[in-house]
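A.B. asks: Attaching a single structure in structure tokens format; questions to follow.
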Amino acid sequence: MKSNEAATKTPKADKKAKAKRFFALQRKYLCIPYIIFFILFIFAPIVIILFYAFTYEVVDPATHTAHFEFSWQPLVNFFTDPSKINVLFVSLFIATITTLICLIIGFPLAYFLADKKINKNAVLVTLFVAPMWINFVLRTGATRDLLTWFGINGGTHPYLATIIGMVQNYLPFVILPLYTTMTKLDKSQIEAAGDLGANPAQVMFKNIIPQAIPGIVSACLMTFMPTMSSYVISDVLSEGKITLFGNYIELEFTNKAWNDGSFMAFVMLLFIAVTMFISQKFGKDDEKEAGQW
Amino acid sequence: MAEKDYIISLQGVTKSFGNNTVVDDFNLDIAKGEFVTFLGPSGCGKTTTLRMIAGFETPTSGQILLNGEDITRIPPHKRPINTVFQRYALFPHLDVYDNVAFGLKLKKIPYEKVNKKGETVTKYRHFTRQEIDEKVMRALKIIDLEDLENRDISTLSGGQQQRVAIARAIVNEPEILLLDEPLGALDLKMRKEMQLELKDMHKKIGITFIYVTHDQEEALTMSDTIVVMKDGVIQQVGNPIDIYNEPVNAFVANFIGESNIYNATMVGKLKVKFLNRVFDCIDDFPLNEKVDVVVRPEDVEMTPVKGEGDDSRLKGKIVTKIFKGIHYEYVLMVGKSEIVAQSTKDYAQDSFVYIDVEPENIQIMKRSSTENVYPEAYLDKNNKLIISDAEFDVDITQLLKGSHVDDALYLIGPDGKKYDLDDADVIASIDFNDVQIVDGHDNGNVNGTVVETIYKGDHYAVLVRTAEEEDYILATDDTWNEGDLVSVIVDPSKIRLVLKGDLSKYEVE
């Protein structure tokens, strides 16, 4: 036994010596670029947002110099300003409606696209996703002109125009995750449901939709939060008549109200955290794959 | 009225996908409470037939009658038939209880009610929660999983999932239970157990079972009636004993159980010749008819040869001896032919034994074909024979005695008459021995896949099928595996042609 131990020790010692001499490339070093990226562009901004969200600029009357102090003032400002609360609800409303309409349009579409007989070589899916390849500011401008031509301009129908623009913009993000789950539907389960007495509508609600839950969760996630925080679409299509949460944050920052703006960004972060939490409950492991889009 | 005796009748049911006919003119009546098994190799159409009974596929033609009523076009959810799927198809988002209760929650049952006007009307209601509960628990008890009602499907073992799938189907009290290779995914021991349990269950609940399998042992163990299928066509219907003892053709004999199959000739009344010997038999076939003979290994009787031996008896040499637990399996050589025999007695390797077979143990089967026949063949303008896509340089002068072919490819008769055989329909036939098989594609006249091989004692009968569904049967000494991609070489000079219709209609000038 003893001789064995000695034998195993020597190579180990060798390895250590080598590591000291050379910088050995290990697999874990490959994440260094990401860690740098993470710290610079994700971690640091969040820290800065948190810092501004819970401080307020205090001007010392004696020296006339400004410094930041911990304060609940941005929180108080947010909850006491009816216009901000109003913006929050308008944003939630538009995001919910957009997500629902996207699902209503996208679900049956994805279901048919997943049928290999209809969608040979996935050409149709590509067509539906193709709008994503066009710059979205350009696309939104074009949508505005088209809608005006139809008589739905931002001046007369701001909500309708905004929602149409949102749906048009986020529909591909709904179709793709749904399409991915639909192609993986277990056909024999669908047959089994029919065999056990479910009519086509019951098969849809009792089997296909439950099977597609991961895709639906992923689709909602891909639509709801971006809709809430987007501001270009509403800006362009409602001709400034609708202010969404994203618009308001931008407004605060352009008005140099960094603390109030940061607090609103923090509220946004909370929403994201909550939706992520909910989606993890539903999505389980399939969600990751469907969410790859 | 005869229809009333049967719970389900399939009448001339045919199913094609495009040009591919999967089930061809399927006729079968199944009595109430029967355990029927569809048995056949993969791709024989057994599952498609089952799916047509379940309603997932609609027959291209033919009718399916349930209790005398036509259900051919009724969707699955309206049929009193339930299926146990091959890979269970349980609902992963529901637990065991809800999986089993799935069908019950959807079901509407009629009840009679007196309305305000005093008329009795039939109304429909769902099962109450209590009724569902009772039925589910009863079903779970039948399958022995009462304690697992709240378990998630993903936490169950394969065998348990299998049972849940069965419970989910039988809880609806269907008139017919369809089982599509339900034991395929289980290991051998589980499978044997489940076979017996299913048979028990069938006796207990008394509903009609239609079972699909490719496992002949499973079919023999469980069924009242076995339907042997091949290429979408029923080969034989019968109880397990008849199917085993009296297979109607070499395919059935080869597919069910181990067997020795030989080419044989009838040489007299109740006398058949194979292995160079004349045997007495009990099947009456016309004199000189070429037939297939099957002898089961357990029916080969062996007696040790002592001393010089008796040359008038059939002798064989034991070349292989394998201990199989209860018995020994021997391979005997008689001349160039092999015989597989089973015996509980121990004989020495390389020793000689006399071989006897009782007349009733010799099963004589009509040969489905004694040569390759192509009734759809025709000649092209170059006088080549076309069979589907393949062309052969045949000798067309055989169509008319004393004729020859001139430079312009006309057939010139002995009397000087000229015939243009472009597009002439002919029946071509080739002996099995004139067809050769070689490995790989494009090495012969025709490419195809080996779909069937039957050992005939000293050679194999191999069936090669081309992409155009043309069959070439050939005799070869070599072993080929089913699924092998091969080429077939046909000696064109050996192809016999018979013109369809009279030669005179091809006469020119």
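FYI, nothing fancy with the structure tokens labels: chains A, B, ... in order, residues from 1 per chain, ligands from 1 as they appear.
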Fewer than 2 positions away in the same chain doesn't count, so skip those; otherwise give me all residues within 9 Å of Val90 of chain A, counting only C-alpha atoms, as number ranges by chain.
C.D. replies: A: 85-88, 92-95, 242-245
A.B. asks: Against chain B, which residues of chain A fall within 7 Å? For each one I want the closest pair of atoms and the distance in Å (one decimal), counting only C-alpha atoms, rows by chain and increasing residue number, as a tab-separated table.
C.D. replies:
```
residue	atom	partner	partner_atom	distance
A:Ser188	CA	B:Ala89	CA	5.5
A:Gln189	CA	B:Ala89	CA	4.7
A:Ala192	CA	B:Ala89	CA	6.5
A:Gly194	CA	B:His77	CA	4.9
A:Asp195	CA	B:His77	CA	5.2
A:Leu196	CA	B:Gly103	CA	4.7
A:Gly197	CA	B:His77	CA	4.0
A:Ala198	CA	B:His77	CA	5.7
A:Asn199	CA	B:His77	CA	6.0
A:Pro210	CA	B:His93	CA	6.9
```
A.B. asks: Keeping only N, CA and C atoms, take the residues you just selected and write them out as a compact mmCIF listing (two decimals), in the first residue's frame.
C.D. replies:
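Generated file (part_16.txt):
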```txt
# COMPACT_ATOMS: atom_id res chain seq x y z
N SER A 188 -48.58 10.66 -30.40
CA SER A 188 -49.37 9.55 -29.87
C SER A 188 -50.20 10.00 -28.67
N GLN A 189 -49.72 11.02 -27.94
CA GLN A 189 -50.54 11.56 -26.85
C GLN A 189 -51.81 12.20 -27.39
N ALA A 192 -54.01 9.50 -28.32
CA ALA A 192 -54.54 8.86 -27.12
C ALA A 192 -55.71 9.67 -26.57
N GLY A 194 -57.77 11.58 -28.20
CA GLY A 194 -58.92 11.33 -29.07
C GLY A 194 -59.51 9.96 -28.82
N ASP A 195 -58.63 9.00 -28.65
CA ASP A 195 -59.05 7.61 -28.42
C ASP A 195 -59.88 7.50 -27.14
N LEU A 196 -59.54 8.33 -26.14
CA LEU A 196 -60.23 8.25 -24.86
C LEU A 196 -61.50 9.08 -24.84
N GLY A 197 -61.87 9.63 -25.99
CA GLY A 197 -63.17 10.28 -26.09
C GLY A 197 -63.13 11.79 -26.19
N ALA A 198 -61.95 12.38 -26.32
CA ALA A 198 -61.89 13.84 -26.43
C ALA A 198 -62.16 14.26 -27.86
N ASN A 199 -63.09 15.23 -28.03
CA ASN A 199 -63.31 15.74 -29.38
C ASN A 199 -62.19 16.71 -29.72
N PRO A 210 -51.58 21.91 -22.84
CA PRO A 210 -50.68 21.51 -21.74
C PRO A 210 -49.30 21.08 -22.22
```
A.B. asks: Excluding same-chain residues fewer than 2 positions from Asp200 of chain B, what lies within 12 Å of it counting only C-alpha atoms, as a list in words?
C.D. replies: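 With the cut-off at 12 Å, the set is Phe35, Ile142, Ile143, Glu193, Met194, Gln195, Leu196, Glu197, Leu198, His202, Lys203, Lys204, Ile205, Gly206, Ile207, Phe209, Thr221, Met222 and Ser223 of chain B.
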A.B. asks: I want to know what sits within 6 Å of segment 255-259 of chain B, based on only C-alpha atoms, with residues of the same chain fewer than 4 positions away left out; could you give that as a list in words?
C.D. replies: Gln216, Phe251, Val295 and Arg296 of chain B
A.B. asks: Identify, with DSSP run on backbone atoms, the residues in segment 234-436 of chain B assigned to strand (DSSP E or B), and express the list as number ranges by chain.
C.D. replies: B: 234-238, 260-268, 271-274, 277-280, 290-295, 301-304, 315-323, 328-334, 337-343, 352-356, 363-366, 371-379, 385-387, 390-392, 404-405, 411-412, 418-419, 425-431, 435-436
A.B. asks: Grab the atom CA of Leu332 of chain B to atom CA of Pro297 of chain B distance for me, in Å with one decimal place.
C.D. replies: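 Taking atom CA of Leu332 of chain B as the start and atom CA of Pro297 of chain B as the end point, the length is 10.7 Å.
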A.B. asks: Enumerate the residues of segment 27-178 of chain A with a DSSP assignment of helix (DSSP H, G or I), computed from the backbone, and present them as a PyMOL selection string.
C.D. replies: chain A and resi 27-53+73-80+82-113+120-133+136-150+158-178
A.B. asks: Quick one: residues within 9 Å of segment 106-122 of chain A, only C-alpha atoms, excluding same-chain residues fewer than 3 positions away - as a list in words?
C.D. replies: Ile101, Cys102, Leu103, Val125, Thr126, Leu127, Leu171, Pro172, Val174, Ile175, Leu176, Pro177, Leu178, Tyr179, Thr180, Thr181, Met182, Thr183, Lys184 and Ile216 of chain A
A.B. asks: Take the residues from that selection and put them in a file with N, CA and C atoms, as a CSV table (one decimal), in the first residue's frame.
C.D. replies:
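Result file is result_12.csv:
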```csv
chain,number,residue,atom,x,y,z
A,101,ILE,N,-52.7,39.0,-27.9
A,101,ILE,CA,-53.0,39.0,-29.3
A,101,ILE,C,-51.9,38.1,-30.0
A,102,CYS,N,-50.7,38.3,-29.6
A,102,CYS,CA,-49.6,37.6,-30.2
A,102,CYS,C,-49.8,36.1,-30.1
A,103,LEU,N,-50.3,35.7,-28.8
A,103,LEU,CA,-50.5,34.2,-28.6
A,103,LEU,C,-51.6,33.7,-29.4
A,125,VAL,N,-41.7,29.1,-42.0
A,125,VAL,CA,-41.3,29.7,-40.7
A,125,VAL,C,-40.3,30.8,-41.0
A,126,THR,N,-39.4,30.5,-41.9
A,126,THR,CA,-38.4,31.5,-42.2
A,126,THR,C,-39.1,32.8,-42.7
A,127,LEU,N,-40.1,32.6,-43.5
A,127,LEU,CA,-40.8,33.8,-44.0
A,127,LEU,C,-41.5,34.6,-42.9
A,171,LEU,N,-44.5,39.4,-32.9
A,171,LEU,CA,-45.0,38.2,-33.3
A,171,LEU,C,-44.0,37.1,-33.6
A,172,PRO,N,-42.9,37.4,-34.3
A,172,PRO,CA,-41.9,36.4,-34.6
A,172,PRO,C,-41.3,35.8,-33.3
A,174,VAL,N,-42.9,35.2,-30.7
A,174,VAL,CA,-43.9,34.3,-30.2
A,174,VAL,C,-43.9,33.0,-31.0
A,175,ILE,N,-43.9,33.2,-32.3
A,175,ILE,CA,-44.0,32.1,-33.2
A,175,ILE,C,-42.8,31.1,-33.0
A,176,LEU,N,-41.6,31.6,-32.9
A,176,LEU,CA,-40.4,30.7,-32.9
A,176,LEU,C,-40.4,29.8,-31.7
A,177,PRO,N,-40.6,30.3,-30.4
A,177,PRO,CA,-40.6,29.3,-29.3
A,177,PRO,C,-41.8,28.3,-29.4
A,178,LEU,N,-42.9,28.8,-29.9
A,178,LEU,CA,-44.1,28.0,-30.0
A,178,LEU,C,-43.8,26.9,-31.1
A,179,TYR,N,-43.3,27.3,-32.2
A,179,TYR,CA,-43.0,26.4,-33.3
A,179,TYR,C,-42.1,25.3,-32.8
A,180,THR,N,-41.0,25.7,-32.0
A,180,THR,CA,-40.1,24.7,-31.5
A,180,THR,C,-40.8,23.7,-30.6
A,181,THR,N,-41.7,24.1,-29.7
A,181,THR,CA,-42.4,23.1,-28.9
A,181,THR,C,-43.4,22.3,-29.7
A,182,MET,N,-44.0,23.0,-30.7
A,182,MET,CA,-45.0,22.2,-31.5
A,182,MET,C,-44.4,21.1,-32.3
A,183,THR,N,-43.2,21.3,-32.8
A,183,THR,CA,-42.5,20.3,-33.6
A,183,THR,C,-42.2,19.1,-32.7
A,184,LYS,N,-42.2,19.3,-31.4
A,184,LYS,CA,-41.8,18.2,-30.5
A,184,LYS,C,-43.1,17.6,-29.8
A,216,ILE,N,-45.3,28.3,-24.5
A,216,ILE,CA,-46.2,29.5,-24.3
A,216,ILE,C,-45.5,30.4,-23.3
```
A.B. asks: I'd like the neighbourhood of Leu75 of chain A as number ranges by chain, where a residue qualifies if any of its atoms comes within 8 Å (using only C-alpha atoms), though same-chain residues fewer than 6 positions away should be ignored.
C.D. replies: A: 53-54, 260, 263
A.B. asks: Selection from above, C-alpha atoms, as a short mmCIF file (atom, residue, chain, number, x, y, z; two decimals), in the first residue's frame, can you write it?
C.D. replies:
```
data_model
loop_
_atom_site.label_atom_id
_atom_site.label_comp_id
_atom_site.auth_asym_id
_atom_site.auth_seq_id
_atom_site.Cartn_x
_atom_site.Cartn_y
_atom_site.Cartn_z
CA ALA A 53 -32.58 54.58 -7.06
CA PHE A 54 -32.00 54.84 -3.35
CA ASP A 260 -36.29 59.01 -10.26
CA PHE A 263 -35.98 53.97 -9.42
#
```
A.B. asks: Please identify all polymer residues within 6 Å of Thr449 of chain B, counting only C-alpha atoms, omitting same-chain residues fewer than 3 positions from it, and present them as a PDB file with N, CA and C atoms, in the first residue's frame.
C.D. replies:
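Written file, out.pdb:
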```pdb
ATOM      1  N   VAL B 464     -36.284 -11.089 -52.952  1.00  0.00           N
ATOM      2  CA  VAL B 464     -35.724  -9.744 -53.118  1.00  0.00           C
ATOM      3  C   VAL B 464     -36.812  -8.856 -53.693  1.00  0.00           C
ATOM      4  N   ARG B 465     -37.004  -7.705 -53.060  1.00  0.00           N
ATOM      5  CA  ARG B 465     -38.046  -6.794 -53.533  1.00  0.00           C
ATOM      6  C   ARG B 465     -37.395  -5.514 -54.035  1.00  0.00           C
ATOM      7  N   GLY B 483     -33.150  -7.052 -45.241  1.00  0.00           N
ATOM      8  CA  GLY B 483     -32.738  -5.652 -45.254  1.00  0.00           C
ATOM      9  C   GLY B 483     -31.466  -5.415 -46.054  1.00  0.00           C
ATOM     10  N   ASP B 484     -30.780  -6.480 -46.451  1.00  0.00           N
ATOM     11  CA  ASP B 484     -29.573  -6.318 -47.266  1.00  0.00           C
ATOM     12  C   ASP B 484     -29.914  -5.663 -48.605  1.00  0.00           C
ATOM     13  N   LEU B 485     -29.080  -4.710 -49.014  1.00  0.00           N
ATOM     14  CA  LEU B 485     -29.243  -4.123 -50.347  1.00  0.00           C
ATOM     15  C   LEU B 485     -28.471  -4.989 -51.324  1.00  0.00           C
ATOM     16  N   VAL B 486     -29.157  -5.505 -52.326  1.00  0.00           N
ATOM     17  CA  VAL B 486     -28.518  -6.459 -53.224  1.00  0.00           C
ATOM     18  C   VAL B 486     -28.881  -6.156 -54.673  1.00  0.00           C
TER      19      VAL B 486
END
```
